[in-house]
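K.L.:
Before I ask anything, here is the structure I am working with.
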Amino acid sequence: MRNALRRLTPLACAVALVATAGPAAAADRYVALGDSYSSGTGTGSYTLSSGCQRGVYAYPYLAAQQRPNTDLVFVACSGATTDDVMASQISAVTADTDLVSITIGGNDAGFAEVVTACVTIGCSSAIANANAYIRTTLPGKLDTVYAAIARRAPGATVAVLGYPRLFSSASCAGTFGIDASERSALNATADLLDSTIASRAAAHGFTYVSAIGAFTGHAICSSSAWINGLNIFSIGESFHPNRSGHSSGYTPLVRSVIG
């Protein structure tokens with residue numbers, strides 16, 4: 001009988017240890033919203049969603065992989081505007097959401113169309129129109145999105161990410177058709193977009209992280225470019241962060257907020 005009790009003792013100890021440890025902690029729910037800069041357009045791999053150009057080289061996927069115990073809900077979609085976020089992405093943000101990241105606003109201002117105009121017919125008027133939209137209309141659009149996130153997940157940590165400057169002073173095949181004055185003006189529009197998004201994010205208590213500093217030295221035509229230049233064989237990849245832009249640029253930015 002005594003020997004039988006001795007044999008049971010290790011089992012009893014194991015049961016006691018399991019009971020003491022308790023249930024495993026629930027995974028953090030991370031919802032990645034936004035446009036092509038969040039979906040991964042420019043990385044050349046869209047195995048998660050070809051229609052939205054979501055892929056495993058995009059910063060939300062990389063950040064989730066680097067964080068222990070994180071469940072990614074990845075709904076960012078190429079071409080998305082603030083209206084698209086409200087129509088088809090915001091439902092992913094729920095009361096149990098712990099983390100949110102988003103890039104949005106560039107498509108509202110028609111930035112892709114502005115750059116296309118620079119490449120083809122000239123873009124001074126298009127840039128002026130985009131700047132006017134960013135100053136007057138975009139703040140309200142951003143407020144609608146940010147208020148919805150705060151309302152739906154009041155306890156979440158929210159990282160609002162900005163857009164980089166695309167150009168340096170250098171020119172190359174990747175800036176074909178865009179002259180020096182246009183490159184400077186487009187960078188100024190990126191700065192305006194940056195400050196506008198930062199202001200509205202702060203108004204809702206969110207953490208804004210500018211991409212301008214991180215991407216400095218890695219613009220189109222640099223020796224270590226993190227942004228694709230004009231690619232006539234794959235237009236959609238043009239003027240978007242490449243894989244290095246996501247892994248070395250955006251991923252550290254979002255992780256500085258979400259951990």
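Convention: chains lettered A, B, ... in structure tokens order; per-chain residue numbering from 1; ligands numbered from 1 as shown.
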Just the residues within 6 Å of segment 32-35 of chain A, please, counting only C-alpha atoms, with nothing from its chain fewer than 2 positions along; format it as a list in words.
P.N.:
Tyr37, Ser38, Phe74, Val75, Ala76, Cys77, Ser78, Gly79, Ala80, Val100, Ser101, Ile102, Thr103 and Ile104 of chain A
K.L.:
I'd like the contact shell of segment 222-226 of chain A - 6 Å cut-off, only C-alpha atoms, skipping same-chain residues fewer than 6 positions apart - returned as a PyMOL selection string.
P.N.:
chain A and resi 241-242+244-245
K.L.:
Store the residues picked out above in a file with N, CA, C and O atoms, as a short mmCIF file (atom, residue, chain, number, x, y, z; two decimals), in the first residue's frame.
P.N.:
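Written output follows (again.cif):
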data_model
loop_
_atom_site.label_atom_id
_atom_site.label_comp_id
_atom_site.auth_asym_id
_atom_site.auth_seq_id
_atom_site.Cartn_x
_atom_site.Cartn_y
_atom_site.Cartn_z
N PRO A 241 6.13 50.58 -50.95
CA PRO A 241 7.25 49.95 -50.24
C PRO A 241 7.49 48.53 -50.75
O PRO A 241 6.54 47.77 -50.98
N ASN A 242 8.77 48.18 -50.91
CA ASN A 242 9.12 46.81 -51.28
C ASN A 242 9.24 45.97 -50.01
O ASN A 242 8.85 46.40 -48.91
N SER A 244 11.83 45.13 -48.24
CA SER A 244 12.67 45.78 -47.24
C SER A 244 11.94 46.94 -46.57
O SER A 244 12.11 47.19 -45.37
N GLY A 245 11.12 47.65 -47.35
CA GLY A 245 10.34 48.73 -46.78
C GLY A 245 9.38 48.26 -45.71
O GLY A 245 9.14 48.96 -44.71
#
K.L.:
Please return as a compact mmCIF listing (two decimals) with C-alpha atoms, in the first residue's frame: the residues of segment 15-206 of chain A that backbone DSSP assigns to alpha helix (DSSP H).
P.N.:
# COMPACT_ATOMS: atom_id res chain seq x y z
CA VAL A 15 -1.90 17.61 -11.28
CA ALA A 16 -1.19 20.18 -8.57
CA LEU A 17 1.26 22.03 -10.85
CA VAL A 18 -1.24 22.18 -13.72
CA ALA A 19 -3.94 23.45 -11.38
CA THR A 20 -1.61 26.12 -10.02
CA ALA A 21 -0.56 27.29 -13.50
CA SER A 36 -2.08 49.22 -50.08
CA TYR A 37 0.67 50.43 -47.75
CA SER A 38 -0.69 48.04 -45.14
CA SER A 39 -1.82 45.19 -47.41
CA TYR A 59 4.25 44.60 -42.11
CA PRO A 60 1.08 43.41 -40.29
CA TYR A 61 1.92 39.79 -41.04
CA LEU A 62 5.58 40.26 -40.09
CA ALA A 63 4.73 42.09 -36.86
CA ALA A 64 2.22 39.42 -35.83
CA GLN A 65 4.78 36.69 -36.50
CA GLN A 66 7.30 38.47 -34.29
CA THR A 82 -11.65 55.92 -45.58
CA ASP A 83 -15.11 55.10 -46.97
CA ASP A 84 -13.93 51.58 -47.84
CA PHE A 111 -2.09 60.40 -54.38
CA ALA A 112 -1.65 57.55 -56.88
CA GLU A 113 -3.45 59.53 -59.57
CA VAL A 114 -1.33 62.59 -58.78
CA VAL A 115 1.90 60.64 -59.24
CA THR A 116 0.56 59.15 -62.48
CA ALA A 117 -0.16 62.66 -63.74
CA CYS A 118 3.42 63.64 -62.92
CA VAL A 119 4.72 60.75 -65.00
CA THR A 120 2.50 61.54 -67.98
CA SER A 124 1.07 70.95 -60.73
CA SER A 125 -2.73 71.35 -60.71
CA ALA A 126 -3.23 67.78 -59.45
CA ILE A 127 -0.86 68.41 -56.56
CA ALA A 128 -2.68 71.64 -55.70
CA ASN A 129 -6.03 69.83 -55.70
CA ALA A 130 -4.67 67.05 -53.50
CA ASN A 131 -3.26 69.56 -51.02
CA ALA A 132 -6.59 71.37 -50.86
CA TYR A 133 -8.40 68.08 -50.19
CA ILE A 134 -5.94 67.12 -47.45
CA ARG A 135 -6.45 70.46 -45.71
CA THR A 136 -10.21 70.73 -45.97
CA LEU A 138 -9.54 64.61 -45.24
CA PRO A 139 -9.55 65.57 -41.53
CA GLY A 140 -13.27 64.82 -41.28
CA LYS A 141 -12.87 61.54 -43.14
CA LEU A 142 -10.11 60.46 -40.79
CA ASP A 143 -12.19 61.47 -37.76
CA THR A 144 -14.98 59.16 -38.92
CA VAL A 145 -12.62 56.17 -39.12
CA TYR A 146 -10.77 56.88 -35.90
CA ALA A 147 -13.96 57.49 -33.94
CA ALA A 148 -15.34 54.16 -35.15
CA ILE A 149 -12.20 52.32 -34.03
CA ALA A 150 -12.35 53.97 -30.60
CA ARG A 151 -16.04 53.21 -30.24
CA ARG A 152 -15.78 49.58 -31.28
CA ALA A 180 13.01 67.71 -59.76
CA SER A 181 10.38 70.35 -58.96
CA GLU A 182 7.60 67.76 -59.13
CA ARG A 183 9.52 65.39 -56.86
CA SER A 184 9.96 68.19 -54.34
CA ALA A 185 6.28 69.12 -54.53
CA LEU A 186 5.19 65.49 -54.07
CA ASN A 187 7.40 65.20 -50.99
CA ALA A 188 5.80 68.35 -49.63
CA THR A 189 2.38 66.74 -50.14
CA ALA A 190 3.61 63.70 -48.21
CA ASP A 191 4.62 66.05 -45.39
CA LEU A 192 1.19 67.68 -45.41
CA LEU A 193 -0.49 64.29 -45.34
CA ASP A 194 1.81 63.28 -42.50
CA SER A 195 0.96 66.28 -40.32
CA THR A 196 -2.77 66.01 -41.04
CA ILE A 197 -2.98 62.34 -40.10
CA ALA A 198 -0.84 62.94 -37.01
CA SER A 199 -3.16 65.70 -35.81
CA ARG A 200 -6.35 63.69 -36.21
CA ALA A 201 -4.84 60.55 -34.68
CA ALA A 202 -3.74 62.52 -31.62
CA ALA A 203 -7.21 64.02 -31.28
K.L.:
In Å to one decimal, how far is atom CA of Thr41 of chain A from atom CA of Gln53 of chain A?
P.N.:
5.6 Å
K.L.:
Of the candidates A:Arg243, A:Ser169, A:Asp179, A:Thr251, which one gets nearest to Ala219 of chain A if we count only C-alpha atoms?
P.N.:
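With only C-alpha atoms as the atom set, the closest residue is A:Ser169.
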K.L.:
When distances are computed from only C-alpha atoms, which of A:Ala109, A:Ala156, A:Ile232, A:Val93 shows the smallest separation from Thr81 of chain A?
P.N.:
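Of A:Ala109, A:Ala156, A:Ile232, A:Val93, the one nearest Thr81 of chain A is A:Ala109, counting only C-alpha atoms.
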K.L.:
Please identify the strand (DSSP E) residues within segment 2-245 of chain A (assignment by DSSP from backbone atoms) and present them as a list in words.
P.N.:
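Restricting segment 2-245 of chain A to strand (DSSP E) produces Asp28, Arg29, Tyr30, Val31, Ala32, Leu33, Gly34, Thr70, Asp71, Leu72, Val73, Phe74, Leu99, Val100, Ser101, Ile102, Thr103, Thr157, Val158, Ala159, Val160, Leu161, Thr207, Tyr208 and Val209 of chain A.
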K.L.:
Looking at only C-alpha atoms, which of A:Phe167, A:Phe239, A:Tyr208, A:Phe233 is the one that sits closest to Gly42 of chain A?
P.N.:
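So, comparing all the options, the nearest one is A:Phe239.
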K.L.:
In Å, how far is it from atom CA of Ser50 of chain A to atom CA of Ala159 of chain A?
P.N.:
25.1 Å
K.L.:
Within 8 Å of Thr157 of chain A, counting only C-alpha atoms, which residues show up once you throw out same-chain ones fewer than 4 positions away? Write them as a list of chain:residue names, please.
P.N.:
A:Asp98, A:Leu99, A:Val100, A:Phe206, A:Val257, A:Ile258
K.L.:
When distances are computed from only C-alpha atoms, which of A:Gly162, A:Val209, A:Cys123, A:His218 shows the smallest separation from Ile178 of chain A?
P.N.:
A:Cys123
